[in-house]
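Note: the block below is my_file.txt and it holds compact mmCIF, C-alpha atoms.
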# COMPACT_ATOMS: atom_id res chain seq x y z
CA MET A 1 -15.55 92.27 29.82
CA MET A 2 -14.09 95.70 29.05
CA VAL A 3 -10.50 95.57 27.84
CA ILE A 4 -8.39 98.74 28.23
CA GLU A 5 -7.10 100.09 24.90
CA ARG A 6 -3.30 100.05 24.92
CA SER A 7 -0.61 100.94 22.42
CA ASN A 8 1.99 98.27 21.56
CA GLN A 9 4.44 99.82 23.99
CA GLU A 10 1.82 100.06 26.75
CA TRP A 11 0.99 96.38 26.35
CA ARG A 12 4.62 95.39 26.53
CA LEU A 13 5.47 97.61 29.51
CA ALA A 14 2.39 96.49 31.43
CA LEU A 15 3.04 92.79 30.80
CA GLU A 16 6.70 93.19 31.76
CA SER A 17 5.87 95.09 34.95
CA ASP A 18 4.73 93.47 38.19
CA GLY A 19 1.96 93.73 40.75
CA ASP A 20 -1.51 95.08 39.91
CA ARG A 21 -0.43 96.66 36.65
CA GLN A 22 0.82 93.35 35.28
CA GLY A 23 -2.19 91.50 36.74
CA ALA A 24 -4.63 93.81 34.96
CA ALA A 25 -2.74 93.48 31.66
CA ILE A 26 -2.69 89.67 31.90
CA GLN A 27 -6.42 89.65 32.64
CA ASP A 28 -7.07 91.82 29.57
CA LEU A 29 -4.76 89.66 27.47
CA ARG A 30 -6.59 86.53 28.58
CA ALA A 31 -9.93 88.11 27.63
CA ILE A 32 -8.83 88.82 24.06
CA LEU A 33 -7.27 85.35 23.75
CA ILE A 34 -10.51 83.69 24.88
CA ARG A 35 -12.30 85.71 22.21
CA ALA A 36 -9.82 84.52 19.55
CA ALA A 37 -10.06 80.89 20.70
CA LEU A 38 -13.88 80.99 20.77
CA TYR A 39 -13.90 82.49 17.28
CA THR A 40 -11.61 79.68 16.12
CA PHE A 41 -13.74 76.93 17.68
CA GLN A 42 -16.94 78.41 16.28
CA HIS A 43 -15.39 78.08 12.82
CA SER A 44 -13.85 74.67 13.32
CA LEU A 45 -15.71 72.62 15.95
CA ALA A 46 -19.22 73.99 16.45
CA SER A 47 -20.44 72.67 13.08
CA THR A 48 -19.38 69.10 13.94
CA GLY A 49 -22.04 68.81 16.65
CA GLN A 50 -19.54 66.89 18.82
CA PHE A 51 -19.22 69.76 21.32
CA ASP A 52 -21.79 71.92 23.07
CA GLN A 53 -21.26 75.55 24.05
CA VAL A 54 -20.10 74.61 27.57
CA ASP A 55 -17.39 72.30 26.16
CA ILE A 56 -16.32 74.95 23.67
CA GLN A 57 -16.13 77.66 26.35
CA GLN A 58 -13.97 75.37 28.50
CA LEU A 59 -11.68 74.47 25.59
CA ALA A 60 -11.35 78.18 24.74
CA GLU A 61 -10.38 79.05 28.30
CA ASP A 62 -7.78 76.25 28.36
CA CYS A 63 -6.32 77.41 25.04
CA ALA A 64 -6.26 81.05 26.22
CA GLN A 65 -4.33 79.96 29.30
CA GLU A 66 -1.78 78.09 27.18
CA ALA A 67 -1.53 81.04 24.77
CA THR A 68 -1.01 83.49 27.65
CA ILE A 69 1.97 81.47 28.85
CA ALA A 70 3.39 81.24 25.32
CA ILE A 71 2.99 85.00 24.83
CA LEU A 72 4.67 85.91 28.11
CA GLU A 73 7.55 83.61 27.18
CA SER A 74 7.81 85.17 23.69
CA LEU A 75 7.29 88.80 24.68
CA SER A 76 10.94 89.69 24.05
CA THR A 77 10.51 88.66 20.40
CA PHE A 78 7.63 91.10 19.82
CA ARG A 79 9.17 93.71 17.51
CA GLY A 80 6.12 95.92 17.16
CA ASP A 81 5.85 95.29 13.39
CA ALA A 82 2.22 94.28 13.92
CA LYS A 83 -0.44 95.48 16.33
CA PHE A 84 0.03 93.73 19.66
CA THR A 85 -3.47 92.27 19.52
CA THR A 86 -2.88 90.80 16.03
CA TRP A 87 0.42 89.36 17.25
CA ALA A 88 -1.26 87.88 20.34
CA TYR A 89 -4.29 86.46 18.47
CA LYS A 90 -2.07 84.21 16.38
CA PHE A 91 -0.93 82.29 19.46
CA ALA A 92 -4.51 81.60 20.54
CA ILE A 93 -5.61 80.69 17.00
CA ASN A 94 -2.65 78.34 16.54
CA ILE A 95 -3.30 76.52 19.82
CA ALA A 96 -7.09 76.42 19.37
CA LEU A 97 -6.95 75.21 15.76
CA THR A 98 -4.39 72.53 16.62
CA THR A 99 -6.68 71.39 19.45
CA ALA A 100 -9.72 71.40 17.15
CA ARG A 101 -7.98 69.39 14.43
CA ARG A 102 -6.77 66.79 16.90
CA GLU A 103 -10.22 66.56 18.53
CA ARG A 104 -11.86 65.97 15.14
CA TRP A 105 -9.39 63.22 14.23
CA LYS A 106 -9.14 61.69 17.71
CA GLY A 107 -10.83 58.42 16.81
CA VAL A 108 -8.98 57.88 13.52
CA SER A 109 -5.80 55.84 13.29
CA LEU A 110 -3.67 56.93 10.34
CA ASP A 111 -2.26 53.43 10.06
CA GLN A 112 -5.78 52.16 9.38
CA LEU A 113 -6.49 54.49 6.47
CA PRO A 114 -6.92 52.57 3.19
CA ASP A 115 -3.57 51.45 1.90
CA GLN A 116 -3.49 51.88 -1.85
CA GLU A 117 -0.21 50.70 -3.26
CA ILE A 118 -0.53 52.08 -6.76
CA PRO A 119 -0.54 55.88 -6.84
CA SER A 120 -2.58 56.01 -10.07
CA SER A 121 -5.51 54.62 -8.07
CA TRP A 122 -5.33 57.72 -5.86
CA PHE A 123 -6.60 59.84 -8.72
CA LYS A 124 -10.15 59.74 -10.03
CA GLN A 125 -10.67 61.13 -13.45
CA GLY A 126 -13.93 62.95 -14.05
CA HIS A 127 -15.71 62.92 -17.38
CA LEU A 128 -14.40 65.58 -19.73
CA GLY A 129 -16.12 66.53 -22.97
CA ASP A 130 -12.87 67.62 -24.60
CA PRO A 131 -10.83 64.52 -25.58
CA ASP A 132 -7.54 66.48 -25.96
CA LEU A 133 -7.93 67.96 -22.49
CA ALA A 134 -8.79 64.56 -21.04
CA ALA A 135 -5.70 63.03 -22.69
CA SER A 136 -3.42 65.81 -21.38
CA ARG A 137 -4.72 65.49 -17.85
CA SER A 138 -4.42 61.74 -18.04
CA GLU A 139 -0.80 62.09 -19.14
CA THR A 140 -0.11 64.43 -16.17
CA ARG A 141 -1.66 61.89 -13.82
CA GLU A 142 0.58 59.17 -15.22
CA ILE A 143 3.70 61.32 -14.83
CA LEU A 144 2.83 62.24 -11.23
CA SER A 145 1.99 58.62 -10.40
CA GLU A 146 5.34 57.50 -11.76
CA VAL A 147 7.28 60.10 -9.74
CA ILE A 148 5.37 59.23 -6.57
CA ARG A 149 6.07 55.54 -7.15
CA THR A 150 9.72 55.75 -8.22
CA GLN A 151 11.30 58.97 -6.92
CA LEU A 152 9.72 59.74 -3.56
CA THR A 153 10.97 58.14 -0.37
CA ASP A 154 8.61 55.84 1.55
CA LYS A 155 8.10 58.57 4.14
CA GLN A 156 7.39 61.25 1.52
CA ARG A 157 4.90 58.91 -0.18
CA THR A 158 3.14 58.08 3.08
CA VAL A 159 2.87 61.69 4.28
CA LEU A 160 1.79 62.87 0.83
CA LYS A 161 -0.96 60.26 0.74
CA TRP A 162 -2.20 61.20 4.21
CA MET A 163 -2.19 64.94 3.67
CA VAL A 164 -3.02 65.39 0.00
CA PHE A 165 -5.22 62.38 -0.69
CA ASP A 166 -6.77 61.54 2.68
CA GLU A 167 -6.82 65.22 3.75
CA VAL A 168 -5.39 64.50 7.19
CA PRO A 169 -4.49 67.82 8.90
CA MET A 170 -0.79 68.53 9.30
CA ASP A 171 -1.07 68.73 13.10
CA VAL A 172 -2.50 65.20 13.23
CA VAL A 173 0.41 63.90 11.10
CA VAL A 174 2.87 65.82 13.30
CA GLN A 175 1.39 64.20 16.41
CA HIS A 176 1.37 60.72 14.84
CA LEU A 177 5.00 60.92 13.72
CA HIS A 178 6.21 62.73 16.88
CA THR A 179 7.73 65.50 14.80
CA ASN A 180 7.02 69.18 14.08
CA ARG A 181 5.39 71.23 11.33
CA ASN A 182 8.71 72.43 9.88
CA ALA A 183 9.90 68.86 9.29
CA ILE A 184 6.63 67.84 7.60
CA TYR A 185 6.57 71.00 5.48
CA LYS A 186 10.16 70.37 4.33
CA LEU A 187 9.37 66.74 3.53
CA LEU A 188 6.45 67.80 1.31
CA HIS A 189 8.40 70.70 -0.19
CA ASP A 190 11.13 68.29 -1.28
CA ALA A 191 8.47 66.00 -2.76
CA ARG A 192 6.82 68.90 -4.64
CA ARG A 193 10.20 69.95 -6.05
CA LYS A 194 10.72 66.45 -7.50
CA LEU A 195 7.19 66.40 -8.92
CA LYS A 196 7.55 69.89 -10.42
CA GLN A 197 10.95 69.18 -11.96
CA THR A 198 9.65 66.06 -13.69
CA LEU A 199 6.59 67.90 -15.03
CA LEU A 200 8.88 70.64 -16.38
CA ASP A 201 11.25 68.06 -17.87
CA ARG A 202 8.27 66.50 -19.67
CA GLY A 203 7.17 69.88 -21.03
CA ILE A 204 4.34 70.71 -18.64
CA GLY A 205 4.92 74.18 -17.21
CA ALA A 206 2.95 76.84 -15.40
CA ALA A 207 1.48 78.27 -18.61
CA ASP A 208 0.18 74.84 -19.68
CA ALA A 209 -1.28 74.36 -16.21
CA LEU A 210 -3.64 77.28 -16.72
CA ASP A 211 -4.94 75.68 -19.93
CA LEU A 212 -4.94 72.16 -18.55
CA PHE A 213 -6.09 72.70 -14.99
CA GLY A 214 -7.61 76.18 -15.03
CA ASN A 215 -11.33 76.73 -15.19
CA LYS A 216 -12.10 74.13 -17.81
CA GLY A 217 -13.61 70.79 -16.88
CA MET B 218 -8.89 62.56 -5.32
CA GLU B 219 -11.61 64.51 -7.07
CA GLU B 220 -10.88 66.27 -10.35
CA SER B 221 -11.09 69.83 -8.96
CA LYS B 222 -8.78 68.98 -6.04
CA PHE B 223 -6.36 67.28 -8.39
CA ASN B 224 -6.27 70.41 -10.58
CA THR B 225 -5.57 72.63 -7.56
CA TRP B 226 -2.83 70.26 -6.42
CA VAL B 227 -1.09 70.30 -9.82
CA LYS B 228 -1.15 74.10 -9.82
CA LYS B 229 0.42 74.07 -6.36
CA ILE B 230 3.14 71.70 -7.55
CA LEU B 231 3.96 74.02 -10.44
CA ALA B 232 3.96 77.05 -8.08
CA THR B 233 6.60 75.37 -5.90
CA GLU B 234 9.60 77.62 -5.30
CA GLU B 235 13.17 76.43 -4.83
CA GLU B 236 13.34 78.15 -1.43
CA GLU B 237 10.23 78.39 0.73
CA ILE B 238 9.99 79.64 4.30
CA SER B 239 9.21 77.25 7.16
CA CYS B 240 5.97 77.12 9.16
CA SER B 241 7.82 78.68 12.12
CA LEU B 242 8.99 81.67 10.11
CA CYS B 243 5.52 82.02 8.60
CA PHE B 244 4.09 82.08 12.14
CA ASP B 245 6.60 84.78 13.14
CA LEU B 246 5.69 86.98 10.17
CA VAL B 247 1.98 86.36 9.65
CA SER B 248 0.74 89.04 12.07
CA GLU B 249 2.82 91.68 10.29
CA TYR B 250 1.59 90.33 6.95
CA VAL B 251 -2.06 90.59 8.03
CA ASP B 252 -1.73 94.13 9.38
CA MET B 253 0.08 95.33 6.25
CA GLU B 254 -2.50 93.63 4.06
CA LEU B 255 -5.36 95.35 5.93
CA ALA B 256 -3.53 98.69 5.69
CA GLU B 257 -2.98 98.04 1.96
CA ALA B 258 0.69 98.86 2.52
CA GLU B 259 3.50 97.80 0.20
CA MET B 260 5.07 94.63 1.55
CA PRO B 261 8.80 93.92 1.82
CA PRO B 262 10.07 90.86 -0.15
CA ILE B 263 10.11 88.56 2.89
CA LEU B 264 6.34 88.98 3.25
CA HIS B 265 5.89 87.78 -0.33
CA LYS B 266 7.44 84.55 0.93
CA VAL B 267 4.65 84.39 3.52
CA LYS B 268 2.10 84.52 0.72
CA ALA B 269 3.87 81.70 -1.15
CA HIS B 270 3.98 79.59 2.03
CA LEU B 271 0.29 80.20 2.76
CA ASN B 272 -0.53 79.04 -0.77
CA GLN B 273 1.18 75.70 -0.09
CA CYS B 274 0.41 75.05 3.59
CA GLN B 275 -3.22 74.43 4.56
CA ALA B 276 -2.46 74.49 8.31
CA CYS B 277 -0.91 77.98 8.15
CA GLN B 278 -3.53 79.11 5.60
CA ASP B 279 -6.40 78.21 7.98
CA GLU B 280 -4.74 80.12 10.82
CA TYR B 281 -4.05 83.09 8.57
CA GLN B 282 -7.70 83.31 7.49
CA LEU B 283 -8.95 83.39 11.08
CA LEU B 284 -6.30 85.94 12.06
CA HIS B 285 -7.15 88.12 9.09
CA GLU B 286 -10.84 88.05 9.98
CA LEU B 287 -10.27 88.88 13.67
CA ALA B 288 -7.88 91.73 12.82
CA ARG B 289 -10.34 93.03 10.23
CA LEU B 290 -13.15 93.05 12.79
CA ASP B 291 -10.89 94.94 15.23
CA ALA B 292 -9.98 97.49 12.57
CA ALA B 293 -13.66 97.97 11.66
CA GLN B 294 -14.53 98.48 15.34
CA SER B 295 -11.87 101.13 15.87
CA ASP B 296 -12.92 103.09 12.74
Show me, as structure tokens, the structure contained in the file I just sent.
Amino acid sequence: MMVIERSNQEWRLALESDGDRQGAAIQDLRAILIRAALYTFQHSLASTGQFDQVDIQQLAEDCAQEATIAILESLSTFRGDAKFTTWAYKFAINIALTTARRERWKGVSLDQLPDQEIPSSWFKQGHLGDPDLAASRSETREILSEVIRTQLTDKQRTVLKWMVFDEVPMDVVVQHLHTNRNAIYKLLHDARRKLKQTLLDRGIGAADALDLFGNKG
Amino acid sequence: MEESKFNTWVKKILATEEEEISCSLCFDLVSEYVDMELAEAEMPPILHKVKAHLNQCQACQDEYQLLHELARLDAAQSD
């Protein structure tokens, strides 16, 4: 489908107008959002083999519809700092990627993931030829395990385990806990601040990290 | 957790900033960030906060990468 080239202002005026002009702009918007959603699904779902092209096309059209509504509702916040198409793509990508993540984790219950009480068992240490490096990394593991065990709240510990150790996507955690991304991000940010402060207090800083956790080993 | 992932995680812990922007603010700013990045323009300080957030947040990072690629393809087409 051929989409008319528009400047930022032309997009905004056309979408805010009515009648045929608005109809044509919404149709063009929907076309570029389907493209963004399809691109997202091709990078996130196609490789799983769970969905054929017909399913993916349908999911992309549903996401484009949802993104169109979100964009029309947010149009007044478009400041023109980015190209309109870049600004619009992000809505479709956000909705499509959230859908893809939830589809991929649909059959998994977070409450049934392995429950490992002792944080040190979360870390596997690989074989390192350099004994000093191995000892330093081991010490860091012990420090982090201790902070996770003694300074984090139960909720911080649970979310950290899901997201960092079990690699559960944030959107799946958000859905499970009936919350939003900002709340989960803040929870993990607070946890990282505690972990960082303790590492710094024990003399492990950013410069050491390059030596300890850089390219070696 | 595998060794290489553990190493990346420790580096992220040490890169933690006292103040970091939320996922919502990152979403608001990421389109501007991508376009300025593609134009190789000098970014205002707030967009440096976007970069720091993307380094810590896999959900926003994944969306950023797809957005960057789509915007890059558009820019290449209009050249």
Checklist entry - List as a VMD selection string: which residues have an atom within 12 Å of (0.5, 78.5, -0.9), counting all atoms listed in the file? => result (chain A and resid 185 189) or (chain B and resid 225 to 226 228 to 234 237 to 240 243 265 to 279 281)
Resulting file, chosen residues, C-alpha atoms, as a tab-separated table (two decimals), in the coordinates of the input:
chain	number	residue	atom	x	y	z
A	185	TYR	CA	6.57	71.00	5.48
A	189	HIS	CA	8.40	70.70	-0.19
B	225	THR	CA	-5.57	72.63	-7.56
B	226	TRP	CA	-2.83	70.26	-6.42
B	228	LYS	CA	-1.15	74.10	-9.82
B	229	LYS	CA	0.42	74.07	-6.36
B	230	ILE	CA	3.14	71.70	-7.55
B	231	LEU	CA	3.96	74.02	-10.44
B	232	ALA	CA	3.96	77.05	-8.08
B	233	THR	CA	6.60	75.37	-5.90
B	234	GLU	CA	9.60	77.62	-5.30
B	237	GLU	CA	10.23	78.39	0.73
B	238	ILE	CA	9.99	79.64	4.30
B	239	SER	CA	9.21	77.25	7.16
B	240	CYS	CA	5.97	77.12	9.16
B	243	CYS	CA	5.52	82.02	8.60
B	265	HIS	CA	5.89	87.78	-0.33
B	266	LYS	CA	7.44	84.55	0.93
B	267	VAL	CA	4.65	84.39	3.52
B	268	LYS	CA	2.10	84.52	0.72
B	269	ALA	CA	3.87	81.70	-1.15
B	270	HIS	CA	3.98	79.59	2.03
B	271	LEU	CA	0.29	80.20	2.76
B	272	ASN	CA	-0.53	79.04	-0.77
B	273	GLN	CA	1.18	75.70	-0.09
B	274	CYS	CA	0.41	75.05	3.59
B	275	GLN	CA	-3.22	74.43	4.56
B	276	ALA	CA	-2.46	74.49	8.31
B	277	CYS	CA	-0.91	77.98	8.15
B	278	GLN	CA	-3.53	79.11	5.60
B	279	ASP	CA	-6.40	78.21	7.98
B	281	TYR	CA	-4.05	83.09	8.57
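The coordinates place atom CA of Lys186 of chain A at 26.8 Å from atom CA of Arg79 of chain A.
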Against chain B, which residues of chain A fall within 9 Å? For each one I want the closest pair of atoms and the distance in Å (one decimal), counting all atoms listed in the file, rows by chain and increasing residue number, as a Markdown table.
| residue | atom | partner | partner_atom | distance |
| --- | --- | --- | --- | --- |
| A:Ala36 | CA | B:Leu287 | CA | 7.3 |
| A:Tyr39 | CA | B:Leu283 | CA | 8.0 |
| A:Thr40 | CA | B:Leu283 | CA | 6.8 |
| A:His43 | CA | B:Leu283 | CA | 8.5 |
| A:Gly80 | CA | B:Glu249 | CA | 8.7 |
| A:Asp81 | CA | B:Glu249 | CA | 5.6 |
| A:Ala82 | CA | B:Glu249 | CA | 4.5 |
| A:Lys83 | CA | B:Asp252 | CA | 7.2 |
| A:Phe84 | CA | B:Ser248 | CA | 9.0 |
| A:Thr85 | CA | B:Ala288 | CA | 8.0 |
| A:Thr86 | CA | B:Ser248 | CA | 5.6 |
| A:Trp87 | CA | B:Ser248 | CA | 5.2 |
| A:Ala88 | CA | B:Ser248 | CA | 8.6 |
| A:Tyr89 | CA | B:Leu284 | CA | 6.7 |
| A:Lys90 | CA | B:Leu284 | CA | 6.3 |
| A:Phe91 | CA | B:Phe244 | CA | 8.9 |
| A:Ile93 | CA | B:Glu280 | CA | 6.3 |
| A:Asn94 | CA | B:Glu280 | CA | 6.3 |
| A:Leu97 | CA | B:Glu280 | CA | 7.3 |
| A:Thr98 | CA | B:Ala276 | CA | 8.8 |
| A:Trp122 | CA | B:Met218 | CA | 6.0 |
| A:Phe123 | CA | B:Met218 | CA | 4.9 |
| A:Lys124 | CA | B:Met218 | CA | 5.6 |
| A:Gln125 | CA | B:Glu220 | CA | 6.0 |
| A:Gly126 | CA | B:Glu220 | CA | 5.8 |
| A:Arg137 | CA | B:Asn224 | CA | 8.9 |
| A:Thr140 | CA | B:Val227 | CA | 8.7 |
| A:Arg141 | CA | B:Phe223 | CA | 9.0 |
| A:Val164 | CA | B:Trp226 | CA | 8.1 |
| A:Phe165 | CA | B:Met218 | CA | 5.9 |
| A:Asp166 | CA | B:Met218 | CA | 8.3 |
| A:Pro169 | CA | B:Ala276 | CA | 7.0 |
| A:Met170 | CA | B:Ala276 | CA | 6.3 |
| A:Asp171 | CA | B:Ala276 | CA | 7.6 |
| A:Arg181 | CA | B:Cys240 | CA | 6.3 |
| A:Asn182 | CA | B:Cys240 | CA | 5.5 |
| A:Ala183 | CA | B:Ser239 | CA | 8.7 |
| A:Tyr185 | CA | B:Ser239 | CA | 7.0 |
| A:Lys186 | CA | B:Ser239 | CA | 7.5 |
| A:His189 | CA | B:Thr233 | CA | 7.6 |
| A:Arg192 | CA | B:Ile230 | CA | 5.5 |
| A:Arg193 | CA | B:Thr233 | CA | 6.5 |
| A:Leu195 | CA | B:Ile230 | CA | 6.8 |
| A:Lys196 | CA | B:Leu231 | CA | 5.5 |
| A:Gln197 | CA | B:Leu231 | CA | 8.6 |
| A:Leu199 | CA | B:Leu231 | CA | 8.1 |
| A:Leu200 | CA | B:Leu231 | CA | 8.4 |
| A:Ile204 | CA | B:Leu231 | CA | 8.9 |
| A:Gly205 | CA | B:Leu231 | CA | 6.8 |
| A:Ala206 | CA | B:Leu231 | CA | 5.8 |
| A:Ala209 | CA | B:Lys228 | CA | 6.4 |
| A:Leu210 | CA | B:Lys228 | CA | 8.0 |
| A:Leu212 | CA | B:Asn224 | CA | 8.3 |
| A:Phe213 | CA | B:Asn224 | CA | 5.0 |
| A:Gly214 | CA | B:Asn224 | CA | 7.4 |
| A:Gly217 | CA | B:Ser221 | CA | 8.4 |
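Between atom CA of Gln58 of chain A and atom CA of Asp20 of chain A the separation is 26.0 Å.
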Build an axis-aligned box that encloses every atom of segment 35-43 of chain A listed in the file, pad it by 5 Å on each side, and report its centre and edge lengths in Å to one decimal, as lines of an AutoDock Vina configuration file.
center_x = -13.4
center_y = 81.3
center_z = 17.5
size_x = 17.1
size_y = 18.8
size_z = 19.4
Checklist entry - How far is it from atom CA of Leu187 of chain A to atom CA of Gln156 of chain A, in Å with one decimal? => result 6.2 Å
